[in-house]
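Reviewing the structure listed below.
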Amino acid sequence: MLTVSNLSKRFPGADAPVLHNVSFTVNPGERVALIGPNGSGKTTLLRIVMGELSPDGGGVQFSPSDLRVGYLPQGLDVPDETPLRDALYPLAAALREAEAEVERRAASVAAAAGSEQDAHMAAYAEALDRLETLSRQVDSGESERILAGLGLGDVPLGTPVGTLSGGQKTRLGLAALLVNDPQLLILDEPTNHLDVTALEWLEGWLKTFPGGALIVSHDRTFLDETVTRVVAIDGQTHTARVVEGNYSAYVATIRSELDRQWAQWRDQQVEIARLQSDVRQTMARAVRKENATINDHQRRYAKKVAARAQAKATRLRKYLDAAERVEKPRQTWSLKLDFGDLPATGQDVVSLEGLTVGYDPAAPLLRDLNLTLRAGERVAVLGPNGHGKSTLLKTIIGEVPPLGGRARIGASVRIGYLAQEQEILDPAGSALAIIQTEAPLSHTDARSFLHYFLFAGDDVFTPVASLSYGERARLMLAVLVARGANLLVLDEPINHLDVPSREKFEEALAAFQGSVLAVVHDRYFVDKFATTVWYIENGALAVQVREPLLA
C-alpha cells in the first residue's frame with residue numbers, strides 16, 4: 001500500500017538532514033504512528049509522501065499506483081466563502097450541475113416534437129446516467145453519520161467555511177477525507193480540537209477501517225487505542241526506528257533497552273573506577289619506594305613498579321577507547337517529554353553563599369552553607385524532622401529571611417513552590433479548566449499537556465474535590481509547570497500518597513526538564529529520582545552525588 005524507502009531530506013543551509021535513510025511500510029488494515037519531538041521532520045515526511053516536497057534520496061511508492069489517498073494537513077486550506085457542502089464533497093458542485101442539467105434536458109424533451117425528440121431523449125438519458133453516478137459517489141447518509149460523529153451534525157451544509165471555528169475546520173477536513181472512501185489515510189494531528197466524544201468516535205472508526213493509516217499525533221491515549229505499529233524519528237540522528245505494537249508497547253521496549261544499557265554502563269563505571277584506583281595505588285607505591293631510599297636496587301625496583309603503573313594506565317586508556325564500551329544512555333523524547341516553553345536558565349540556578357538558616361541567631365539550624373544547585377539538577381533534601389529541611393527551602397525562596405549570608409537565585413529562574421499541605425487548586429474546577437486558566441492552551445493542547453501528568457480521557461473533567469490525593473499532587477505539579485516554573489521547590493510532595501500514587505507522581509515528575517529541590521523521606525523515590533542528595537543532621541549538611549535510576 002505505502003512503502004517509504006531510505007528517505008533523506010536536507011533543507012538548504014541546514015547543518016544536518018531533517019530525515020536520514022527513513023524506511024517503513026503501511027499495509028491494509030495497519031495503523032502506523034509517526035512520532036518524534038517537534039522539529040524532527042514528521043510533517044516534512046508526510047509532505048514528501050504526498051508529493052508536496054521532493055526528497056534528496058530514497059523514494060515513496062504507492063501500490064496500486066492509483067491508490068485513493070486521503071491527506072489531512074494541520075491546516076484546512078479552503079476559501080472562506082466555500083460552503084461546507086462543497087468542502088465536504090469535492091463532487092458536490094458537479095452533482096448540483098448534473099441535477100440542473102437533468103432538469104434542462106427534461107424540459108427540452110417535453111418541448112421537442114417529431115424527429116428532434118429522439119436526440120433530446122438521448123441527451124436526457126446521458127445526463128441522468130451522470131447524475132446517478134455522482135449521486136452514488138456523494139453518499140449523504142454516510143456523510144451525516146460522519147458529521148454527527150465529529151460533532152458537526154447540527155451545522156447546516158450551506159454554512160461558509162470562513163464562519164467555522166478552528167476546531168470545526170479541523171473536523172470538517174477530517175470528515176471530508178472519510179466520506180470520500182480513501183484506501184490510505186495520512187493524518188497530521190487529527191485529534192486537534194476533538195472533544196472526548198469525537199475522539200472516541202474516531203478511535204472506533206479507525207479500528208474498523210479496512211485501509212491503512214499513517215498518523216502523527218501527540219495524544220498517547222489515542223495512539224494506544226488505535227495504532228498497531230510505531231515509527232519513531234530520533235531528533236538527534238534523524239533516523240527512524242520501527243517498533244510493533246501501540247505507543248505503550250513502544251515505551252516499554254525503549255525502557256527495557258535503557259534499563260539494560262544503564263546496567264551495563266554502571267558495571268562499566270565500576271570497572272573503570274577499579275582500574276583507576278589500581279593505577280593510582282601502583283603509581284603511589286612506586287613514588288614512595290623511590291623517595292624513601294637511595295639504594296640503587298630499591299630504586300630499580302621502584303622504577304619497575306612505576307612501569308607496571310604505566311602499563312595499567314595504558315590498559316585503562318585502551319578500555320576507555322574501546323569500540324565496545326557502553327555509552328551512558330541518553331534520554332529519549334518518548335520518556336522525557338519536552339514542555340518546550342520553559343524559560344532557559346543559567347548554569348547556576350541557586351547559589352548559597354555563606355548562608356545561615358534558622359529563627360534564632362543564637363541557635364541557627366544551619367550555618368555558613370556554600371552550595372550550588374545547577375541547571376537540570378534534581379536535589380533531594382533528607383534528614384530527621386526538625387533539623388532545618390523545610391526552613392532551608394523557605395529561606396531559599398525568600399519566605400524566611402537568612403540569619404547570615406544569602407541565597408542567590410540565578411537569571412531567568414522561575415520558582416514553583418509546593419509547601420506541605422498547600423492547596424493551590426479550586427475544588428470546583430476541573431484539571432482542564434485549571435490548566436487553561438494558568439496557560440493560553442487550546443482544548444487539545446491542554447489535554448495533551450495534562451497527559452504528561454497522567455490525566456487521560458475523561459479524567460481531565462473531574463472536579464478537584466473528587467480527585468484523590470495523588471491526582472491532586474500531580475495536578476498541582478502541572479499547575480506549577482504551566483505557570484512557567486523551571487525550578488520546582490517541593491516540600492514533602494508525596495507524604496500522603498500510596499505506592500501506586502507515588503509511582504505515578506514519579507512518572508509525572510520525570511517528564512519535567514527543569515531543576516528540582518525536594519524534601520522527601522521515601523528512599524525508593526530518592527533512588528529513582530535524585531541526582532544529588534543534601535543530607536541535613538545536627539547543624540551539618542553533607543552532599544552526595546548519585547546516578548538516578550530515571551536519569
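How things are named: the first chain in the C-alpha cells is A, the next is B, and so on; residues count from 1 in each chain; ligands count from 1 in the order shown.
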8 Å contact set for segment 73-83 of chain A, only C-alpha atoms, chain neighbours under 3 positions out, as a PyMOL selection string
chain A and resi 86-87+157-163+169-170+173+187-190
Just the selected residues (C-alpha atoms), exported as a JSON list (two decimals), in the first residue's frame, please.
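In the end it all went to part-v7.json:
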```json
[["chain", "number", "residue", "atom", "x", "y", "z"],
["A", 86, "ASP", "CA", -18.57, 21.81, -1.24],
["A", 87, "ALA", "CA", -15.64, 21.37, 1.16],
["A", 157, "LEU", "CA", -24.32, 22.26, 4.87],
["A", 158, "GLY", "CA", -24.67, 25.71, 3.34],
["A", 159, "THR", "CA", -22.57, 27.36, 6.09],
["A", 160, "PRO", "CA", -19.49, 29.19, 4.68],
["A", 161, "VAL", "CA", -16.23, 27.61, 5.84],
["A", 162, "GLY", "CA", -14.93, 31.02, 6.95],
["A", 163, "THR", "CA", -17.54, 31.20, 9.72],
["A", 169, "LYS", "CA", -12.43, 23.39, 10.37],
["A", 170, "THR", "CA", -10.22, 20.55, 11.60],
["A", 173, "GLY", "CA", -11.18, 18.43, 6.95],
["A", 187, "LEU", "CA", -3.29, 12.26, 9.15],
["A", 188, "ASP", "CA", -1.24, 15.11, 10.64],
["A", 189, "GLU", "CA", -2.56, 15.81, 14.17],
["A", 190, "PRO", "CA", -6.13, 14.59, 13.54]]
```
Pro427 of chain A surroundings by only C-alpha atoms, 7 Å radius, close-in-sequence under 4 positions cut, as a PyMOL selection string
chain A and resi 463-465
Generate the output file for the selected residues, C-alpha atoms, as a PDB file, in the first residue's frame.
```
ATOM      1  CA  PRO A 463     -13.748  18.276  39.732  1.00  0.00           C
ATOM      2  CA  VAL A 464     -10.761  18.747  42.031  1.00  0.00           C
ATOM      3  CA  ALA A 465     -12.939  17.916  45.037  1.00  0.00           C
TER       4      ALA A 465
END
```
A:Trp262, A:Phe505, A:Phe529, A:Tyr359 ranked by distance to Ala380 of chain A, top pick (using only C-alpha atoms)
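Checking each candidate against Ala380 of chain A, we get A:Phe529 as the closest.
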State, in Å with one decimal place, the distance from atom CA of Leu382 of chain A to atom CA of Glu492 of chain A.
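According to the coordinates, atom CA of Leu382 of chain A and atom CA of Glu492 of chain A are separated by 10.3 Å.
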List the spatial neighbours of Tyr247 of chain A as a PyMOL selection string - criterion: any atom at most 9 Å away, only C-alpha atoms, same-chain residues fewer than 2 positions off excluded.
chain A and resi 33+220-221+223-225+227-230+245+249-252
Which of A:Val216, A:Leu128, A:Ile48, A:Val231 sits closest to Ala100 of chain A [using only C-alpha atoms]
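Looking at the shortest contact to Ala100 of chain A, the residue is A:Leu128.
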Could you work out how far atom CA of Lys394 of chain A lies from atom CA of Ser515 of chain A, giving the answer in Å with one decimal?
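Here the two named atoms are 16.6 Å from each other.
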Residue among A:Leu425, A:Leu152, A:Val357, A:Val26 lying closest to Tyr469 of chain A, counting only C-alpha atoms:
A:Leu425
Could you tell me how far atom CA of Ile494 of chain A sits from atom CA of Ala508 of chain A, in Å to one decimal place?
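The value is 12.3 Å.
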Nearest to Leu67 of chain A by atom-to-atom distance, counting only C-alpha atoms, from A:Glu101, A:Leu184, A:Asp129, A:Ala530
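Once distances to Leu67 of chain A are computed over only C-alpha atoms, the minimum belongs to A:Leu184.
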